[in-house]
file model.cif (mmCIF, C-alpha atoms)
data_model
loop_
_atom_site.label_atom_id
_atom_site.label_comp_id
_atom_site.auth_asym_id
_atom_site.auth_seq_id
_atom_site.Cartn_x
_atom_site.Cartn_y
_atom_site.Cartn_z
CA MET G 1 175.86 -108.73 -31.95
CA ARG G 2 172.21 -109.72 -32.28
CA VAL G 3 170.35 -111.94 -29.80
CA THR G 4 166.71 -112.93 -29.39
CA VAL G 5 165.20 -112.20 -25.98
CA ARG G 6 162.20 -114.26 -24.82
CA LEU G 7 159.98 -113.01 -22.01
CA PHE G 8 157.18 -114.89 -20.28
CA ALA G 9 154.12 -114.35 -18.11
CA ARG G 10 154.14 -110.97 -16.34
CA LEU G 11 157.55 -110.03 -17.78
CA ARG G 12 156.01 -110.43 -21.23
CA ASP G 13 153.03 -108.27 -20.27
CA LEU G 14 155.30 -105.56 -18.84
CA ALA G 15 157.45 -105.50 -21.99
CA GLY G 16 154.44 -105.67 -24.30
CA SER G 17 156.07 -108.48 -26.29
CA GLY G 18 157.27 -112.02 -25.70
CA GLU G 19 160.07 -111.89 -28.24
CA LEU G 20 162.51 -109.06 -28.90
CA VAL G 21 165.55 -108.84 -31.13
CA ARG G 22 168.29 -106.93 -29.32
CA ASP G 23 171.65 -105.61 -30.41
CA VAL G 24 174.32 -105.74 -27.73
CA PRO G 25 178.03 -105.00 -28.05
CA GLY G 26 179.98 -108.29 -27.98
CA PRO G 27 181.39 -110.11 -26.18
CA ALA G 28 178.50 -110.06 -23.73
CA THR G 29 176.96 -112.02 -20.88
CA ILE G 30 173.30 -112.68 -20.12
CA GLU G 31 173.61 -110.06 -17.41
CA GLN G 32 174.63 -107.43 -19.98
CA VAL G 33 171.65 -108.34 -22.17
CA TRP G 34 169.42 -107.93 -19.10
CA ARG G 35 170.97 -104.54 -18.19
CA SER G 36 170.41 -103.18 -21.68
CA LEU G 37 166.81 -104.40 -21.56
CA VAL G 38 166.11 -102.82 -18.16
CA LYS G 39 167.64 -99.56 -19.36
CA ASP G 40 164.92 -99.38 -22.01
CA MET G 41 162.20 -100.92 -19.84
CA PRO G 42 162.83 -100.04 -16.17
CA ALA G 43 159.60 -101.74 -15.08
CA LEU G 44 161.26 -105.13 -15.66
CA GLY G 45 164.00 -104.39 -13.11
CA ASP G 46 162.09 -105.65 -10.07
CA TYR G 47 162.35 -109.21 -11.39
CA GLU G 48 166.12 -109.34 -11.13
CA ARG G 49 165.99 -110.85 -7.61
CA THR G 50 163.43 -113.56 -8.36
CA MET G 51 163.73 -114.54 -12.03
CA SER G 52 165.57 -117.43 -13.66
CA VAL G 53 167.44 -117.20 -16.93
CA ALA G 54 167.83 -119.59 -19.83
CA LEU G 55 170.21 -119.72 -22.77
CA ASN G 56 169.02 -121.53 -25.90
CA ALA G 57 166.21 -123.24 -23.94
CA ASP G 58 168.41 -124.53 -21.13
CA TYR G 59 168.67 -123.06 -17.63
CA SER G 60 171.71 -120.83 -17.31
CA ARG G 61 173.32 -118.14 -15.14
CA MET G 62 173.60 -114.36 -15.48
CA SER G 63 177.38 -114.72 -15.92
CA ALA G 64 177.09 -117.01 -19.00
CA ALA G 65 178.51 -115.70 -22.28
CA VAL G 66 176.14 -115.16 -25.21
CA LYS G 67 176.93 -115.49 -28.91
CA GLU G 68 175.42 -113.98 -32.05
CA GLY G 69 172.05 -115.59 -32.71
CA ASP G 70 171.54 -116.96 -29.18
CA GLU G 71 168.13 -117.06 -27.52
CA VAL G 72 168.12 -115.60 -24.02
CA ALA G 73 165.02 -116.07 -21.86
CA PHE G 74 164.03 -114.32 -18.62
CA LEU G 75 161.60 -116.32 -16.51
CA PRO G 76 159.49 -115.05 -13.59
CA PRO G 77 158.95 -117.47 -10.68
CA VAL G 78 157.08 -120.47 -12.04
CA SER G 79 153.53 -121.53 -11.12
CA GLY G 80 152.73 -124.71 -13.01
CA GLY G 81 150.78 -127.69 -11.79
CA MET O 1 135.35 -136.93 -62.50
CA GLY O 2 133.36 -140.04 -61.75
CA ARG O 3 134.23 -139.90 -58.08
CA ALA O 4 130.65 -139.89 -56.84
CA GLY O 5 130.22 -142.75 -54.46
CA SER O 6 133.92 -143.52 -54.26
CA ARG O 7 135.45 -143.44 -50.84
CA GLU O 8 138.85 -142.39 -49.72
CA PRO O 9 140.54 -145.15 -47.77
CA ILE O 10 140.64 -144.29 -44.09
CA LEU O 11 144.11 -144.31 -42.65
CA ILE O 12 144.29 -144.40 -38.88
CA ILE O 13 147.69 -143.55 -37.51
CA GLU O 14 148.14 -144.40 -33.86
CA MET O 15 150.58 -141.94 -32.37
CA PRO O 16 152.47 -143.38 -29.42
CA VAL O 17 151.73 -141.51 -26.17
CA PRO O 18 154.94 -139.79 -24.99
CA LEU O 19 155.98 -140.10 -21.34
CA VAL O 20 156.28 -136.33 -21.01
CA ALA O 21 154.33 -133.66 -22.85
CA VAL O 22 153.26 -130.03 -22.75
CA THR O 23 150.11 -129.78 -24.81
CA LYS O 24 147.09 -127.63 -25.65
CA ASP O 25 144.93 -130.76 -25.92
CA PRO O 26 142.77 -132.10 -23.06
CA LEU O 27 144.63 -134.62 -20.89
CA SER O 28 143.73 -138.29 -20.55
CA LEU O 29 144.45 -140.22 -17.37
CA ASP O 30 143.55 -143.47 -19.13
CA ALA O 31 146.01 -142.91 -21.98
CA LEU O 32 148.81 -142.10 -19.57
CA SER O 33 148.05 -145.06 -17.32
CA ALA O 34 148.17 -147.37 -20.32
CA VAL O 35 151.71 -146.35 -21.29
CA VAL O 36 153.09 -146.56 -17.76
CA ALA O 37 151.61 -149.66 -16.19
CA ASP O 38 153.07 -152.98 -17.18
CA GLY O 39 150.18 -155.10 -18.31
CA ALA O 40 152.14 -158.34 -17.97
CA GLY O 41 152.08 -158.28 -14.18
CA ALA O 42 155.43 -156.77 -13.19
CA ASP O 43 153.75 -153.76 -11.58
CA GLY O 44 151.57 -154.20 -8.55
CA ALA O 45 150.72 -150.53 -8.10
CA VAL O 46 149.67 -147.56 -10.20
CA THR O 47 149.14 -144.16 -8.60
CA SER O 48 148.04 -140.96 -10.25
CA PHE O 49 147.72 -137.27 -9.53
CA VAL O 50 145.38 -135.04 -11.51
CA GLY O 51 145.48 -131.29 -10.92
CA LEU O 52 142.18 -129.48 -11.63
CA VAL O 53 141.32 -125.82 -12.12
CA ARG O 54 139.77 -124.76 -8.80
CA GLN O 55 136.98 -122.19 -8.51
CA ASN O 56 138.37 -120.49 -5.43
CA ASN O 57 141.92 -119.23 -5.03
CA LEU O 58 142.90 -117.12 -2.00
CA GLY O 59 139.31 -115.95 -1.71
CA ARG O 60 139.04 -114.97 -5.37
CA ALA O 61 136.24 -116.35 -7.55
CA VAL O 62 138.23 -117.84 -10.43
CA ALA O 63 136.59 -117.62 -13.87
CA PHE O 64 139.24 -119.53 -15.84
CA LEU O 65 143.02 -120.04 -16.04
CA GLU O 66 145.41 -119.49 -18.90
CA TYR O 67 148.61 -121.52 -18.73
CA GLU O 68 151.71 -120.35 -20.55
CA ALA O 69 154.95 -122.33 -21.00
CA TYR O 70 158.44 -121.90 -22.34
CA GLU O 71 157.75 -125.12 -24.16
CA PRO O 72 161.16 -126.59 -25.04
CA LEU O 73 162.49 -125.92 -21.55
CA ALA O 74 159.27 -127.14 -19.92
CA VAL O 75 159.58 -130.46 -21.77
CA ARG O 76 163.22 -130.68 -20.68
CA GLY O 77 162.17 -129.94 -17.11
CA LEU O 78 159.62 -132.74 -17.14
CA GLN O 79 162.20 -135.10 -18.64
CA ARG O 80 164.63 -134.11 -15.91
CA ILE O 81 162.02 -135.02 -13.28
CA VAL O 82 161.50 -138.40 -14.96
CA ASP O 83 165.27 -138.96 -14.71
CA GLU O 84 165.35 -137.87 -11.05
CA VAL O 85 162.54 -140.31 -10.26
CA LYS O 86 164.48 -143.06 -12.01
CA THR O 87 167.44 -142.33 -9.73
CA SER O 88 165.45 -142.20 -6.47
CA TRP O 89 162.99 -145.01 -7.25
CA PRO O 90 164.65 -147.26 -9.85
CA ASN O 91 161.64 -149.59 -10.00
CA ALA O 92 159.11 -146.84 -10.71
CA LYS O 93 157.97 -145.74 -14.14
CA LEU O 94 156.56 -142.29 -14.64
CA ALA O 95 154.57 -140.26 -17.16
CA VAL O 96 153.57 -136.62 -16.80
CA HIS O 97 151.59 -134.38 -19.15
CA HIS O 98 150.93 -130.68 -18.53
CA ARG O 99 148.25 -128.78 -20.36
CA ILE O 100 148.61 -125.15 -21.49
CA GLY O 101 146.24 -122.57 -22.96
CA ARG O 102 142.83 -121.63 -21.61
CA LEU O 103 141.31 -124.04 -19.08
CA ALA O 104 137.81 -123.89 -17.61
CA LEU O 105 136.95 -124.67 -13.99
CA GLY O 106 137.24 -128.37 -13.27
CA GLU O 107 139.49 -129.15 -16.25
CA ALA O 108 142.73 -131.07 -15.70
CA SER O 109 145.92 -129.01 -15.93
CA ILE O 110 148.32 -131.83 -15.10
CA VAL O 111 148.21 -135.62 -15.06
CA ILE O 112 150.94 -137.70 -13.41
CA VAL O 113 150.98 -141.50 -13.39
CA ALA O 114 153.52 -143.69 -11.63
CA ALA O 115 153.73 -147.48 -11.65
CA SER O 116 155.94 -149.76 -9.58
CA PRO O 117 156.04 -153.31 -8.24
CA HIS O 118 154.94 -152.08 -4.75
CA ARG O 119 152.72 -149.16 -3.72
CA GLY O 120 155.26 -147.14 -1.73
CA ASP O 121 157.46 -146.23 -4.68
CA ALA O 122 154.50 -145.35 -6.91
CA PHE O 123 152.97 -143.01 -4.28
CA SER O 124 156.33 -141.36 -3.60
CA ALA O 125 157.22 -140.92 -7.28
CA CYS O 126 153.85 -139.29 -7.94
CA ARG O 127 154.09 -136.84 -5.04
CA TYR O 128 157.73 -136.01 -5.79
CA THR O 129 156.82 -135.21 -9.38
CA ILE O 130 154.11 -132.64 -8.60
CA GLU O 131 156.39 -130.94 -6.04
CA ARG O 132 159.23 -130.75 -8.59
CA VAL O 133 156.92 -129.48 -11.35
CA LYS O 134 156.04 -126.57 -9.08
CA GLN O 135 159.74 -125.91 -8.44
CA ILE O 136 161.50 -126.15 -11.79
CA VAL O 137 159.16 -126.37 -14.80
CA PRO O 138 158.74 -123.04 -16.65
CA ILE O 139 154.95 -122.90 -16.77
CA TRP O 140 152.84 -120.03 -15.46
CA LYS O 141 149.18 -119.63 -14.43
CA HIS O 142 147.36 -116.48 -15.48
CA GLU O 143 144.32 -116.37 -13.23
CA HIS O 144 141.25 -114.58 -14.47
CA PHE O 145 138.85 -113.92 -11.61
CA ASP O 146 135.75 -111.95 -10.87
CA GLY O 147 137.06 -108.36 -11.07
CA GLY O 148 140.50 -108.79 -12.63
CA ASP O 149 143.42 -111.00 -13.50
CA VAL O 150 146.78 -111.87 -11.97
CA TRP O 151 149.89 -113.84 -12.91
CA LEU O 152 150.65 -116.36 -10.18
CA GLU O 153 154.30 -116.59 -9.19
CA GLY O 154 155.65 -119.43 -7.06
CA ALA O 155 159.22 -120.66 -7.00
CA THR O 156 162.33 -119.19 -8.59
CA ALA O 157 163.22 -122.08 -10.87
CA ASP O 158 166.69 -123.52 -10.27
CA PRO O 159 167.08 -127.21 -11.10
CA ASP O 160 170.51 -127.26 -9.45
CA ASP O 161 169.11 -126.09 -6.10
CA GLU O 162 169.75 -129.23 -4.06
CA THR O 163 167.84 -127.90 -1.03
CA ALA O 164 164.65 -127.58 -3.08
CA ARG O 165 165.12 -131.10 -4.46
CA GLN O 166 165.61 -132.48 -0.96
CA THR O 167 162.44 -130.73 0.18
CA ALA O 168 160.46 -132.38 -2.62
CA TYR O 169 162.00 -135.74 -1.71
CA ARG O 170 161.14 -135.33 1.99
CA ILE O 171 157.52 -134.46 1.16
CA ALA O 172 157.34 -137.44 -1.19
CA CYS O 173 158.54 -139.84 1.49
CA ALA O 174 156.61 -138.38 4.44
#

call {"tool": "encode", "arguments": {"input": "model.cif", "output": "structure tokens"}}
result
Amino acid sequence: MRVTVRLFARLRDLAGSGELVRDVPGPATIEQVWRSLVKDMPALGDYERTMSVALNADYSRMSAAVKEGDEVAFLPPVSGG
Amino acid sequence: MGRAGSREPILIIEMPVPLVAVTKDPLSLDALSAVVADGAGADGAVTSFVGLVRQNNLGRAVAFLEYEAYEPLAVRGLQRIVDEVKTSWPNAKLAVHHRIGRLALGEASIVIVAASPHRGDAFSACRYTIERVKQIVPIWKHEHFDGGDVWLEGATADPDDETARQTAYRIACA
């Protein structure tokens, strides 16, 4: 199953890209997408405690199920304003 | 040919100013005030907050800021704040625009305008909005300073965190 992963701010810098296409065995949750990502890029792992996640541009939870073609985003703590 | 001297008609399209926006364009307090305040006299108060790029941050000499957003979710976040304001201060009207991209010192990164029949609600709605933006809107500052750069990281965004919302409300009504 293929999903698009979006990364922002320092997570994007650490990964070297803001958008990645990832293949994960289905059925999967956001957490499983994250685990597979951290396996390839261990430097991202520190963000697990502080980041937020989004599914198709809406805030979501690590336990949410993902479908083929979904967009999963991992968001460091925000600093707008 | 024979077009020398002919002129194309000029078509001016006035785009309505949206109540919420995430934009690369410079922000306008006047434009936002005009869409929020009721010109017919229903509103007795308009308050605004304008956030500017500051030259000193935690002792660092800031050169410029780059703002990044997860745009569709940032717009949804701003819309959510507008809805929250409507619930807490039903008489207040609100507009909020956030700028992204590279901003020089002194430029406006955010403009918030609130209007209401009486001043209390407008002040509170404005303050609540900036506190909530800092809590739940997926926008990030990349600070470039004399000697390096750093991503600023504030709050873990969780719009369903009722404690955070209550904190913003308390600050707004202090």

call {"tool": "atom_distance", "arguments": {"input": "model.cif", "atom1": "CA of Leu65 in chain O", "atom2": "CA of Lys141 in chain O"}}
result
6.4 Å

call {"tool": "atom_distance", "arguments": {"input": "model.cif", "atom1": "CA of Ser79 in chain G", "atom2": "CA of Met15 in chain O"}}
result
29.6 Å

call {"tool": "atom_distance", "arguments": {"input": "model.cif", "atom1": "CA of Tyr67 in chain O", "atom2": "CA of His142 in chain O"}}
result
6.1 Å

call {"tool": "interface_residues", "arguments": {"input": "model.cif", "of": "chain O", "to": "chain G", "cutoff": "8 Å", "atoms": "all atoms listed in the file", "output": "PyMOL selection string"}}
result
chain O and resi 51+67-70+72-73+98+109-110+130+133-142+151-159

call {"tool": "residues_around", "arguments": {"input": "model.cif", "residues": "Gly41 in chain O", "least_positions_apart": "4", "cutoff": "10 Å", "atoms": "all atoms listed in the file", "output": "MDAnalysis selection string"}}
result
chainID O and resid 37 45 117

call {"tool": "resolve_selection", "arguments": {"input": "model.cif", "expression": "the PyMOL selection byres ((chain G and resi 20) around 9)", "output": "list in words"}}
result
Val3, Thr4, Val5, Arg6, Leu7, Ser17, Gly18, Glu19, Val21 and Arg22 of chain G

call {"tool": "write_last_selection", "arguments": {"input": "model.cif", "atoms": "C-alpha atoms", "output": "short mmCIF file (atom, residue, chain, number, x, y, z; two decimals), in the coordinates of the input"}}
result
data_model
loop_
_atom_site.label_atom_id
_atom_site.label_comp_id
_atom_site.auth_asym_id
_atom_site.auth_seq_id
_atom_site.Cartn_x
_atom_site.Cartn_y
_atom_site.Cartn_z
CA VAL G 3 170.35 -111.94 -29.80
CA THR G 4 166.71 -112.93 -29.39
CA VAL G 5 165.20 -112.20 -25.98
CA ARG G 6 162.20 -114.26 -24.82
CA LEU G 7 159.98 -113.01 -22.01
CA SER G 17 156.07 -108.48 -26.29
CA GLY G 18 157.27 -112.02 -25.70
CA GLU G 19 160.07 -111.89 -28.24
CA VAL G 21 165.55 -108.84 -31.13
CA ARG G 22 168.29 -106.93 -29.32
#

call {"tool": "residues_around", "arguments": {"input": "model.cif", "residues": "Gly45 in chain G", "least_positions_apart": "2", "cutoff": "12 Å", "atoms": "all atoms listed in the file", "output": "list in words"}}
result
Leu11, Leu14, Ala15, Glu31, Trp34, Arg35, Ser36, Leu37, Val38, Lys39, Asp40, Met41, Pro42, Ala43, Tyr47, Glu48, Arg49, Thr50, Met51, Phe74 and Pro76 of chain G

call {"tool": "resolve_selection", "arguments": {"input": "model.cif", "expression": "the PyMOL selection byres ((chain O and resi 96) around 9)", "output": "PyMOL selection string"}}
result
chain O and resi 18-22+32+78-79+82+94-95+97-98+110-114+129

call {"tool": "write_last_selection", "arguments": {"input": "model.cif", "atoms": "C-alpha atoms", "output": "mmCIF file, in the coordinates of the input"}}
result
data_model
loop_
_atom_site.group_PDB
_atom_site.id
_atom_site.type_symbol
_atom_site.label_atom_id
_atom_site.label_comp_id
_atom_site.auth_asym_id
_atom_site.auth_seq_id
_atom_site.Cartn_x
_atom_site.Cartn_y
_atom_site.Cartn_z
ATOM 1 C CA PRO O 18 154.940 -139.790 -24.990
ATOM 2 C CA LEU O 19 155.980 -140.100 -21.340
ATOM 3 C CA VAL O 20 156.280 -136.330 -21.010
ATOM 4 C CA ALA O 21 154.330 -133.660 -22.850
ATOM 5 C CA VAL O 22 153.260 -130.030 -22.750
ATOM 6 C CA LEU O 32 148.810 -142.100 -19.570
ATOM 7 C CA LEU O 78 159.620 -132.740 -17.140
ATOM 8 C CA GLN O 79 162.200 -135.100 -18.640
ATOM 9 C CA VAL O 82 161.500 -138.400 -14.960
ATOM 10 C CA LEU O 94 156.560 -142.290 -14.640
ATOM 11 C CA ALA O 95 154.570 -140.260 -17.160
ATOM 12 C CA HIS O 97 151.590 -134.380 -19.150
ATOM 13 C CA HIS O 98 150.930 -130.680 -18.530
ATOM 14 C CA ILE O 110 148.320 -131.830 -15.100
ATOM 15 C CA VAL O 111 148.210 -135.620 -15.060
ATOM 16 C CA ILE O 112 150.940 -137.700 -13.410
ATOM 17 C CA VAL O 113 150.980 -141.500 -13.390
ATOM 18 C CA ALA O 114 153.520 -143.690 -11.630
ATOM 19 C CA THR O 129 156.820 -135.210 -9.380
#

call {"tool": "resolve_selection", "arguments": {"input": "model.cif", "expression": "the PyMOL selection byres ((chain O and resi 43) around 12)", "output": "ChimeraX atom specification"}}
result
/O:33,36-42,44-47,91-93,114-122

call {"tool": "closest_residue", "arguments": {"input": "model.cif", "among": "O:Gly148, O:Gly101, O:Pro9, O:Gly106", "to": "Val53 in chain O", "atoms": "all atoms listed in the file"}}
result
O:Gly106

call {"tool": "residues_around", "arguments": {"input": "model.cif", "residues": "Leu58 in chain O", "least_positions_apart": "4", "cutoff": "12 Å", "atoms": "all atoms listed in the file", "output": "PyMOL selection string"}}
result
chain O and resi 54+62+143+145+150+152

call {"tool": "closest_residue", "arguments": {"input": "model.cif", "among": "O:Asp25, O:Glu66, O:Glu14, O:Glu131", "to": "Tyr169 in chain O", "atoms": "only C-alpha atoms"}}
result
O:Glu131
